[in-house]
Structures are given as structure tokens and as C-alpha cells.
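Participant: Have a look at this one before I ask anything.
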Amino acid sequence: MVSATEILKSTSEKLAAAQRANAEQLTAAADLVLGVIRSDALVFTAGAGHSLAAVAETFYRAGGLACVYPLYHPELLPLHGAQQSTRTERRSGLAEEVLAERAPGPDDVLVVFSTSGVNPYPVELAAGARRRGASVIAVTSRASVAAAPRRSDTTLVEEGTVVLDSLVIPGDASHPAGAPRTAPLSTVVNAFLWNLVLAEVLDRGTAEGIDVPLWRSSNVVGGDEANAALLAKYGPRVPALR
């Protein structure tokens with residue numbers, strides 16, 4: 001029987017490896033996010049399927065950036081139809097439909113979460129953002145991209161200005177070690193890498209005298225009041241905040 005200690009040790013080792021492997025890229029990603037804040041621009045975030053868990057982690061959550069615009073289409077969420085969500089992220093052209101409603105510009109940054117990094121939606125989203133002059137932070141797995149069937153002309157790795165490699169193995173599962181079938185890690189690693197970016201943004205921004213716009217929990221004293229100013233500033237620019 002597997003002990004909780006074994007899973008904890010394995011996961012901790014994988015998170016530490018991801019941090020080491022992305023040291024330079026994390027700083028580059030923080031550079032891009034700090035540029036957004038200096039320019040009073042927006043960080044767009046996107047994903048499909050279970051990568052939408054990472055998008056939710058970036059948006060309107062305690063300790064998260066307030067200047068985040070989530071790009072979203074209901075058919076991409078498995079809760080709205082599991083098989084449909086798979087078909088949707090493989091549908092070429094959807095990214096341009098989403099970008100037609102609101103697209104990042106030269107002062108903005110797009111963060112795309114996709115472990116496989118090969119399906120048309122995330123790849124075309126990144127390519128479309130770059131055509132519009134935006135930088136792209138790709139949070140993906142190089143090993144998974146290399147192993148996955150090609151479904152687009154390029155991959156998310158190729159389209160990323162900065163690539164954060166989750167190191168997640170093809171198939172995402174992590175247990176048992178010899179023949180993994182369960183305990184997927186992409187959600188955990190994606191959140192961890194994003195938190196590393198946020199921590200560096202706050203530390204460096206504070207040192208520069210930048211007021212990094214961060215949400216506070218609405219369930220702590222003063223939280224609603226602190227968030228009111230952020231809602232007034234970003235609500236008109238981010239429809240999902242209304």
C-alpha cells in the first residue's frame with residue numbers, strides 16, 4: 001500500500017526539479033509580467049480542458065494578480081461536456097473567434113497553459129497573440145509535446161516567447177513510478193510555477209517601488225475594502241470581474 005509520505009516525497013522532488021529547470025525562464029516570465037504592470041496593461045490567461053484549472057488559479061483569487069483577463073469559451077470546460085471539450089480544443093479556428101472578442105496587444109502578455117501543447121486551440125491562441133505584438137508565456141511540458149501527435153503546424157513550445165517546462169511526463173500520471181496510471185501532476189506543477197512567478201514579481205516590484213495589484217481574500221478583515229479599488233480599476237476592462 002502506498003503511503004502518503006511516499007507521494008509527498010515524490011511530488012516534492014518533482015516540484016523542486018521544475019523550479020531548478022526553469023530558473024532563468026521564471027525570471028524572464030516575471031520580467032514580462034512586471035512590464036505589464038508598469039504599462040498598466042493586462043495579463044491574459046488561457047487553457048483548455050483541465051488546464052483551465054490553472055486559468056482559474058490566475059483569476060480573481062486571494063493573492064493573485066488583479067490585472068488578469070481570462071480568455072475562455074464554455075465548450076472548452078469538461079464540466080460543460082467532457083467529450084465536447086476534447087473536440088473543441090482540437091478545433092482549428094476557435095482561437096481566432098475568442099481573440100476577435102478581445103485580444104492582447106503589444107503591452108500585454110498572454111499566458112497559455114497546455115501540458116500537451118499540440119492542440120489547435122492553445123497553439124493558435126499563442127500564434128494569434130504574437131501576431132498582434134503580445135509576448136507569450138507558454139506553460140507546458142516539453143516531453144509531452146515531443147510525444148504527442150501533431151495536430152497543428154507548430155507547437156506551444158515553438159510559439160512561446162518564454163517557455164516554462166512543467167517536466168510532466170507524457171500522459172500526466174505519476175503513480176506508480178514504474179508504470180504510472182494515476183496521480184496526475186500538471187495542475188499542481190502549473191500552480192507552483194505560476195506562484196513562483198508571482199513571488200518574484202512581488203519581490204522585485206516592491207524593491208522598485210511598484211504597487212503590484214494583488215487581490216486579498218474577501219473573508220479577512222479589510223479584504224472587501226482593499227478589493228473595491230481593484231474592481232473599480234479593472235472591472236471596466238475585464239468583463240468577467242463584473
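Each chain of the C-alpha cells is named A, B, ... in the order shown, its residues numbered from 1; ligands are numbered from 1 in display order.
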Would you list the contacts of segment 13-25 of chain A as a ChimeraX atom specification, taking every protein, DNA or RNA residue within 12 Å and counting only C-alpha atoms, but skipping same-chain residues closer than 4 positions in sequence?
Facilitator: /A:6-9,29-32,137-142,160-169,174,184-197,200
Participant: Take the residues just selected and output them with N, CA and C atoms as a CSV table (one decimal), in the first residue's frame.
Facilitator:
```csv
chain,number,residue,atom,x,y,z
A,6,GLU,N,5.2,8.7,0.8
A,6,GLU,CA,5.9,8.4,-0.5
A,6,GLU,C,5.4,9.3,-1.6
A,7,ILE,N,4.1,9.6,-1.6
A,7,ILE,CA,3.5,10.5,-2.6
A,7,ILE,C,4.0,11.9,-2.3
A,8,LEU,N,4.1,12.3,-1.1
A,8,LEU,CA,4.6,13.7,-0.7
A,8,LEU,C,6.1,13.8,-1.2
A,9,LYS,N,6.9,12.8,-0.9
A,9,LYS,CA,8.3,12.9,-1.3
A,9,LYS,C,8.4,13.0,-2.8
A,29,ALA,N,9.8,35.3,-17.3
A,29,ALA,CA,8.4,35.4,-17.2
A,29,ALA,C,8.0,36.6,-16.2
A,30,ALA,N,8.7,36.7,-15.1
A,30,ALA,CA,8.5,37.8,-14.2
A,30,ALA,C,8.8,39.1,-14.9
A,31,ASP,N,9.8,39.2,-15.7
A,31,ASP,CA,10.1,40.4,-16.4
A,31,ASP,C,8.9,40.8,-17.3
A,32,LEU,N,8.3,39.9,-18.0
A,32,LEU,CA,7.2,40.2,-18.8
A,32,LEU,C,6.0,40.7,-18.0
A,137,ILE,N,3.8,33.6,-22.6
A,137,ILE,CA,4.4,32.7,-21.7
A,137,ILE,C,3.7,31.4,-21.8
A,138,ALA,N,4.4,30.4,-22.3
A,138,ALA,CA,3.9,29.0,-22.5
A,138,ALA,C,4.2,28.2,-21.3
A,139,VAL,N,3.2,27.7,-20.7
A,139,VAL,CA,3.4,26.7,-19.5
A,139,VAL,C,3.0,25.4,-20.0
A,140,THR,N,4.0,24.5,-20.3
A,140,THR,CA,3.7,23.3,-21.0
A,140,THR,C,4.7,22.2,-20.5
A,141,SER,N,4.8,21.1,-21.2
A,141,SER,CA,5.8,20.0,-20.9
A,141,SER,C,6.5,19.7,-22.2
A,142,ARG,N,7.7,20.0,-22.2
A,142,ARG,CA,8.5,19.7,-23.5
A,142,ARG,C,8.4,18.2,-23.8
A,160,GLY,N,6.0,30.0,-27.9
A,160,GLY,CA,6.2,30.8,-26.6
A,160,GLY,C,7.4,31.7,-26.7
A,161,THR,N,7.2,32.9,-26.2
A,161,THR,CA,8.3,33.9,-26.0
A,161,THR,C,9.2,33.4,-24.9
A,162,VAL,N,8.5,32.9,-23.8
A,162,VAL,CA,9.1,32.3,-22.7
A,162,VAL,C,8.4,30.9,-22.5
A,163,VAL,N,9.2,29.9,-22.3
A,163,VAL,CA,8.6,28.6,-22.0
A,163,VAL,C,8.9,28.1,-20.6
A,164,LEU,N,7.9,27.8,-19.8
A,164,LEU,CA,8.0,27.2,-18.5
A,164,LEU,C,7.7,25.7,-18.7
A,165,ASP,N,8.7,24.9,-18.4
A,165,ASP,CA,8.6,23.4,-18.6
A,165,ASP,C,8.1,22.8,-17.3
A,166,SER,N,6.9,22.2,-17.3
A,166,SER,CA,6.5,21.5,-16.1
A,166,SER,C,7.2,20.2,-15.8
A,167,LEU,N,7.9,19.7,-16.8
A,167,LEU,CA,8.6,18.4,-16.7
A,167,LEU,C,7.6,17.2,-16.5
A,168,VAL,N,6.3,17.5,-16.7
A,168,VAL,CA,5.3,16.4,-16.6
A,168,VAL,C,5.6,15.4,-17.7
A,169,ILE,N,5.5,14.1,-17.3
A,169,ILE,CA,5.8,13.1,-18.3
A,169,ILE,C,4.6,12.9,-19.2
A,174,SER,N,1.5,10.0,-12.5
A,174,SER,CA,2.8,9.9,-11.9
A,174,SER,C,3.0,8.6,-11.0
A,184,PRO,N,-2.1,12.5,-11.4
A,184,PRO,CA,-1.6,13.4,-12.4
A,184,PRO,C,-1.0,14.7,-11.7
A,185,LEU,N,0.0,15.2,-12.3
A,185,LEU,CA,0.7,16.3,-11.6
A,185,LEU,C,0.6,17.7,-12.3
A,186,SER,N,0.0,17.8,-13.5
A,186,SER,CA,0.1,19.0,-14.2
A,186,SER,C,-0.5,20.2,-13.5
A,187,THR,N,-1.7,20.0,-12.8
A,187,THR,CA,-2.3,21.1,-12.1
A,187,THR,C,-1.5,21.6,-11.0
A,188,VAL,N,-0.9,20.6,-10.3
A,188,VAL,CA,-0.1,21.0,-9.1
A,188,VAL,C,1.2,21.8,-9.6
A,189,VAL,N,1.8,21.3,-10.6
A,189,VAL,CA,3.1,22.0,-11.1
A,189,VAL,C,2.7,23.3,-11.7
A,190,ASN,N,1.7,23.4,-12.5
A,190,ASN,CA,1.3,24.7,-13.1
A,190,ASN,C,1.0,25.7,-12.1
A,191,ALA,N,0.3,25.4,-11.0
A,191,ALA,CA,0.0,26.3,-10.0
A,191,ALA,C,1.3,26.8,-9.3
A,192,PHE,N,2.2,25.8,-9.1
A,192,PHE,CA,3.5,26.1,-8.4
A,192,PHE,C,4.4,27.0,-9.2
A,193,LEU,N,4.5,26.8,-10.5
A,193,LEU,CA,5.3,27.6,-11.4
A,193,LEU,C,4.7,29.0,-11.4
A,194,TRP,N,3.4,29.1,-11.5
A,194,TRP,CA,2.7,30.5,-11.5
A,194,TRP,C,3.0,31.2,-10.2
A,195,ASN,N,2.9,30.5,-9.1
A,195,ASN,CA,3.2,31.1,-7.8
A,195,ASN,C,4.6,31.6,-7.7
A,196,LEU,N,5.6,30.8,-8.3
A,196,LEU,CA,7.0,31.3,-8.3
A,196,LEU,C,7.1,32.6,-9.1
A,197,VAL,N,6.4,32.7,-10.2
A,197,VAL,CA,6.4,33.9,-11.0
A,197,VAL,C,5.8,35.1,-10.2
A,200,GLU,N,8.2,36.3,-7.4
A,200,GLU,CA,9.3,37.1,-8.0
A,200,GLU,C,8.8,38.5,-8.4
```
Participant: So which bits of segment 2-241 of chain A end up strand (DSSP E or B) when you DSSP the backbone, as number ranges by chain?
Facilitator: A: 43-47, 65, 68-70, 109-113, 135-140, 162-165, 175, 182, 214
Participant: Write a file of the selected residues as an mmCIF file, in the first residue's frame, keeping C-alpha atoms.
Facilitator:
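Listing of result_16.cif after writing:
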```cif
data_model
loop_
_atom_site.group_PDB
_atom_site.id
_atom_site.type_symbol
_atom_site.label_atom_id
_atom_site.label_comp_id
_atom_site.auth_asym_id
_atom_site.auth_seq_id
_atom_site.Cartn_x
_atom_site.Cartn_y
_atom_site.Cartn_z
ATOM 1 C CA VAL A 43 -2.029 39.579 -18.362
ATOM 2 C CA PHE A 44 -4.287 37.365 -20.476
ATOM 3 C CA THR A 45 -4.518 33.729 -19.392
ATOM 4 C CA ALA A 46 -5.878 30.749 -21.296
ATOM 5 C CA GLY A 47 -6.113 26.988 -21.413
ATOM 6 C CA LEU A 65 -2.840 39.421 -9.770
ATOM 7 C CA VAL A 68 -5.692 39.329 -15.342
ATOM 8 C CA TYR A 69 -8.063 38.831 -18.269
ATOM 9 C CA PRO A 70 -9.106 35.158 -18.664
ATOM 10 C CA VAL A 109 1.173 39.254 -22.123
ATOM 11 C CA LEU A 110 -0.651 36.012 -22.835
ATOM 12 C CA VAL A 111 -0.066 33.026 -20.539
ATOM 13 C CA VAL A 112 -1.149 29.746 -22.144
ATOM 14 C CA PHE A 113 -1.369 26.567 -20.058
ATOM 15 C CA SER A 135 4.525 38.241 -25.715
ATOM 16 C CA VAL A 136 3.522 34.686 -24.772
ATOM 17 C CA ILE A 137 4.407 32.710 -21.669
ATOM 18 C CA ALA A 138 3.869 29.046 -22.523
ATOM 19 C CA VAL A 139 3.402 26.744 -19.533
ATOM 20 C CA THR A 140 3.723 23.258 -20.969
ATOM 21 C CA VAL A 162 9.134 32.267 -22.677
ATOM 22 C CA VAL A 163 8.559 28.563 -22.034
ATOM 23 C CA LEU A 164 8.033 27.200 -18.532
ATOM 24 C CA ASP A 165 8.552 23.437 -18.629
ATOM 25 C CA HIS A 175 1.939 6.733 -9.876
ATOM 26 C CA THR A 182 -2.899 7.896 -11.687
ATOM 27 C CA LEU A 214 -2.944 41.775 -5.785
#
```
Participant: Residues at most 6 Å from Asp108 of chain A, counting only C-alpha atoms, excluding those fewer than 5 positions away in the same chain, as a ChimeraX atom specification?
Facilitator: /A:36,41-43,134
Participant: Take the residues from that selection and write them out as a JSON list (two decimals), in the first residue's frame, keeping C-alpha atoms.
Facilitator:
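Contents of selection03.json, freshly written:
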```json
[["chain", "number", "residue", "atom", "x", "y", "z"],
["A", 36, "VAL", "CA", 2.59, 44.65, -17.97],
["A", 41, "ALA", "CA", -1.71, 46.66, -19.28],
["A", 42, "LEU", "CA", -3.19, 43.17, -18.81],
["A", 43, "VAL", "CA", -2.03, 39.58, -18.36],
["A", 134, "ALA", "CA", 1.96, 40.38, -27.50]]
```
Participant: Taking only C-alpha atoms into account, name the residue in A:Ala228, A:Ala143, A:Val33, A:Ala199 that is nearest to Asp172 of chain A.
Facilitator: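 Looking at the shortest contact to Asp172 of chain A, the residue is A:Ala143.
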Participant: Using only C-alpha atoms, which of the listed residues (A:Leu231, A:Leu26, A:Ala240, A:Val212) sits closest to Leu71 of chain A?
Facilitator: A:Ala240
Participant: At what distance in Å, to one decimal, does atom CA of Ser12 of chain A lie from atom CA of Ala53 of chain A?
Facilitator: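 According to the coordinates, atom CA of Ala53 of chain A and atom CA of Ser12 of chain A are separated by 20.1 Å.
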Participant: What lies within 10 Å of Ala146 of chain A using only C-alpha atoms, ignoring chain neighbours under 4 positions off, as a ChimeraX atom specification?
Facilitator: /A:116-118,141-142,150,155,157,170
Participant: Might you pull out every residue within 6 Å of segment 57-62 of chain A, with only C-alpha atoms counted and same-chain residues fewer than 3 positions away left off, and present them as a list in words?
Facilitator: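 Counting only the stated atoms, we get Ala54, Trp215, Arg216 and Ser217 of chain A.
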Participant: Just checking: using only C-alpha atoms, which residue out of A:Ser152, A:Glu158, A:Ser144, A:Cys67 ends up closest to Ala232 of chain A?
Facilitator: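 Nearest candidate to Ala232 of chain A out of A:Ser152, A:Glu158, A:Ser144, A:Cys67: A:Cys67.
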Participant: If you run DSSP on the backbone here, which positions in segment 61-173 of chain A get helix (DSSP H, G or I)? Please write them as number ranges by chain.
Facilitator: A: 74-76, 78-80, 82-89, 94-101, 120-131, 142-147, 156-159
Participant: So that I have them on file, write out the residues from the current selection with N, CA and C atoms, as a CSV table (one decimal), in the first residue's frame.
Facilitator:
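Output file result.csv is given in full below:
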```csv
chain,number,residue,atom,x,y,z
A,74,PRO,N,-17.0,28.4,-23.2
A,74,PRO,CA,-17.7,27.4,-22.4
A,74,PRO,C,-17.4,26.0,-22.9
A,75,GLU,N,-17.3,25.8,-24.2
A,75,GLU,CA,-17.2,24.4,-24.7
A,75,GLU,C,-15.8,23.8,-24.4
A,76,LEU,N,-14.9,24.6,-23.9
A,76,LEU,CA,-13.6,24.1,-23.5
A,76,LEU,C,-13.6,23.4,-22.1
A,78,PRO,N,-14.6,20.8,-19.4
A,78,PRO,CA,-15.2,19.4,-19.3
A,78,PRO,C,-16.5,19.4,-18.5
A,79,LEU,N,-16.7,20.2,-17.6
A,79,LEU,CA,-17.9,20.2,-16.8
A,79,LEU,C,-19.2,20.6,-17.7
A,80,HIS,N,-18.9,21.2,-18.8
A,80,HIS,CA,-20.0,21.5,-19.7
A,80,HIS,C,-20.2,20.5,-20.8
A,82,ALA,N,-17.8,16.6,-21.4
A,82,ALA,CA,-16.4,16.1,-21.3
A,82,ALA,C,-15.9,15.8,-22.7
A,83,GLN,N,-16.6,15.0,-23.5
A,83,GLN,CA,-16.1,14.7,-24.9
A,83,GLN,C,-16.1,16.0,-25.8
A,84,GLN,N,-17.1,16.8,-25.6
A,84,GLN,CA,-17.1,18.0,-26.4
A,84,GLN,C,-15.9,18.9,-26.1
A,85,SER,N,-15.4,18.9,-24.8
A,85,SER,CA,-14.3,19.8,-24.5
A,85,SER,C,-13.0,19.3,-25.3
A,86,THR,N,-12.9,18.0,-25.5
A,86,THR,CA,-11.7,17.5,-26.2
A,86,THR,C,-11.9,17.9,-27.7
A,87,ARG,N,-13.1,17.7,-28.2
A,87,ARG,CA,-13.3,18.1,-29.6
A,87,ARG,C,-13.0,19.6,-29.9
A,88,THR,N,-13.4,20.4,-28.9
A,88,THR,CA,-13.4,21.8,-29.0
A,88,THR,C,-11.9,22.3,-29.1
A,89,GLU,N,-11.0,21.8,-28.2
A,89,GLU,CA,-9.7,22.3,-28.2
A,89,GLU,C,-8.9,21.8,-29.4
A,94,LEU,N,-11.1,28.2,-33.5
A,94,LEU,CA,-11.7,28.7,-32.3
A,94,LEU,C,-10.9,29.8,-31.7
A,95,ALA,N,-9.6,29.7,-31.7
A,95,ALA,CA,-8.7,30.7,-31.1
A,95,ALA,C,-9.0,32.1,-31.7
A,96,GLU,N,-9.1,32.1,-33.0
A,96,GLU,CA,-9.4,33.4,-33.6
A,96,GLU,C,-10.8,34.0,-33.2
A,97,GLU,N,-11.7,33.1,-33.0
A,97,GLU,CA,-13.0,33.5,-32.6
A,97,GLU,C,-12.9,34.2,-31.2
A,98,VAL,N,-12.2,33.5,-30.3
A,98,VAL,CA,-12.0,34.1,-29.0
A,98,VAL,C,-11.2,35.4,-29.0
A,99,LEU,N,-10.2,35.4,-29.8
A,99,LEU,CA,-9.4,36.6,-29.9
A,99,LEU,C,-10.1,37.8,-30.6
A,100,ALA,N,-11.1,37.5,-31.4
A,100,ALA,CA,-11.9,38.5,-32.1
A,100,ALA,C,-12.7,39.3,-31.0
A,101,GLU,N,-13.1,38.7,-29.9
A,101,GLU,CA,-13.8,39.4,-28.9
A,101,GLU,C,-12.9,40.3,-28.1
A,120,PRO,N,-4.9,22.5,-31.6
A,120,PRO,CA,-5.0,23.8,-32.3
A,120,PRO,C,-5.4,25.0,-31.4
A,121,TYR,N,-6.3,24.8,-30.4
A,121,TYR,CA,-6.7,26.0,-29.7
A,121,TYR,C,-5.6,26.7,-28.9
A,122,PRO,N,-4.8,26.0,-28.1
A,122,PRO,CA,-3.7,26.7,-27.4
A,122,PRO,C,-2.6,27.2,-28.3
A,123,VAL,N,-2.3,26.4,-29.3
A,123,VAL,CA,-1.2,26.8,-30.3
A,123,VAL,C,-1.7,28.0,-31.1
A,124,GLU,N,-2.9,28.0,-31.7
A,124,GLU,CA,-3.3,29.1,-32.5
A,124,GLU,C,-3.6,30.3,-31.6
A,125,LEU,N,-3.9,30.1,-30.4
A,125,LEU,CA,-4.1,31.3,-29.5
A,125,LEU,C,-2.8,32.0,-29.3
A,126,ALA,N,-1.7,31.2,-29.0
A,126,ALA,CA,-0.4,31.8,-28.8
A,126,ALA,C,0.1,32.5,-30.1
A,127,ALA,N,-0.1,31.8,-31.2
A,127,ALA,CA,0.3,32.4,-32.5
A,127,ALA,C,-0.4,33.7,-32.8
A,128,GLY,N,-1.7,33.7,-32.5
A,128,GLY,CA,-2.5,34.9,-32.8
A,128,GLY,C,-2.1,36.0,-31.9
A,129,ALA,N,-1.8,35.7,-30.7
A,129,ALA,CA,-1.3,36.8,-29.8
A,129,ALA,C,0.0,37.4,-30.2
A,130,ARG,N,0.9,36.5,-30.7
A,130,ARG,CA,2.2,37.0,-31.2
A,130,ARG,C,2.0,37.9,-32.4
A,131,ARG,N,1.1,37.5,-33.3
A,131,ARG,CA,0.9,38.3,-34.5
A,131,ARG,C,0.4,39.7,-34.1
A,142,ARG,N,7.7,20.0,-22.2
A,142,ARG,CA,8.5,19.7,-23.5
A,142,ARG,C,8.4,18.2,-23.8
A,143,ALA,N,8.5,17.3,-22.8
A,143,ALA,CA,8.5,15.9,-23.0
A,143,ALA,C,7.1,15.5,-23.6
A,144,SER,N,6.0,16.1,-23.1
A,144,SER,CA,4.7,15.7,-23.5
A,144,SER,C,4.5,16.2,-24.9
A,145,VAL,N,5.0,17.4,-25.2
A,145,VAL,CA,4.8,18.0,-26.6
A,145,VAL,C,5.6,17.1,-27.6
A,146,ALA,N,6.7,16.6,-27.2
A,146,ALA,CA,7.5,15.8,-28.1
A,146,ALA,C,6.8,14.5,-28.4
A,147,ALA,N,6.1,14.0,-27.4
A,147,ALA,CA,5.5,12.6,-27.6
A,147,ALA,C,4.1,12.7,-28.2
A,156,LEU,N,3.1,24.7,-28.9
A,156,LEU,CA,3.1,25.8,-28.0
A,156,LEU,C,4.6,26.1,-27.6
A,157,VAL,N,5.4,25.1,-27.6
A,157,VAL,CA,6.8,25.4,-27.3
A,157,VAL,C,7.4,26.3,-28.3
A,158,GLU,N,7.1,26.1,-29.6
A,158,GLU,CA,7.6,27.0,-30.7
A,158,GLU,C,7.0,28.4,-30.6
A,159,GLU,N,5.8,28.5,-30.1
A,159,GLU,CA,5.1,29.8,-30.1
A,159,GLU,C,5.4,30.6,-28.9
```
Participant: Which distance in Å separates atom CA of Asn119 of chain A and atom CA of Arg151 of chain A, to one decimal?
Facilitator: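 Pair atom CA of Asn119 of chain A / atom CA of Arg151 of chain A returns 5.5 Å.
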Participant: Between atom CA of Asn227 of chain A and atom CA of Pro213 of chain A, measure the distance and give it in Å to one decimal.
Facilitator: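 Separation between atom CA of Asn227 of chain A and atom CA of Pro213 of chain A: 9.5 Å.
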Participant: Pick from A:Val221, A:Gly171, A:Arg237, A:Ala66: nearest to Pro104 of chain A, with only C-alpha atoms counted?
Facilitator: A:Arg237
Participant: Restricting the calculation to only C-alpha atoms, which member of A:Thr11, A:Gly133, A:Pro149, A:Arg102 is positioned closest to Pro239 of chain A?
Facilitator: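 Closest candidate: A:Arg102.
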Participant: Which one is closest to Tyr234 of chain A: A:Thr5, A:Gly205, A:Asp40, A:Ser10? Count only C-alpha atoms.
Facilitator: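 Checking each candidate against Tyr234 of chain A, we get A:Asp40 as the closest.
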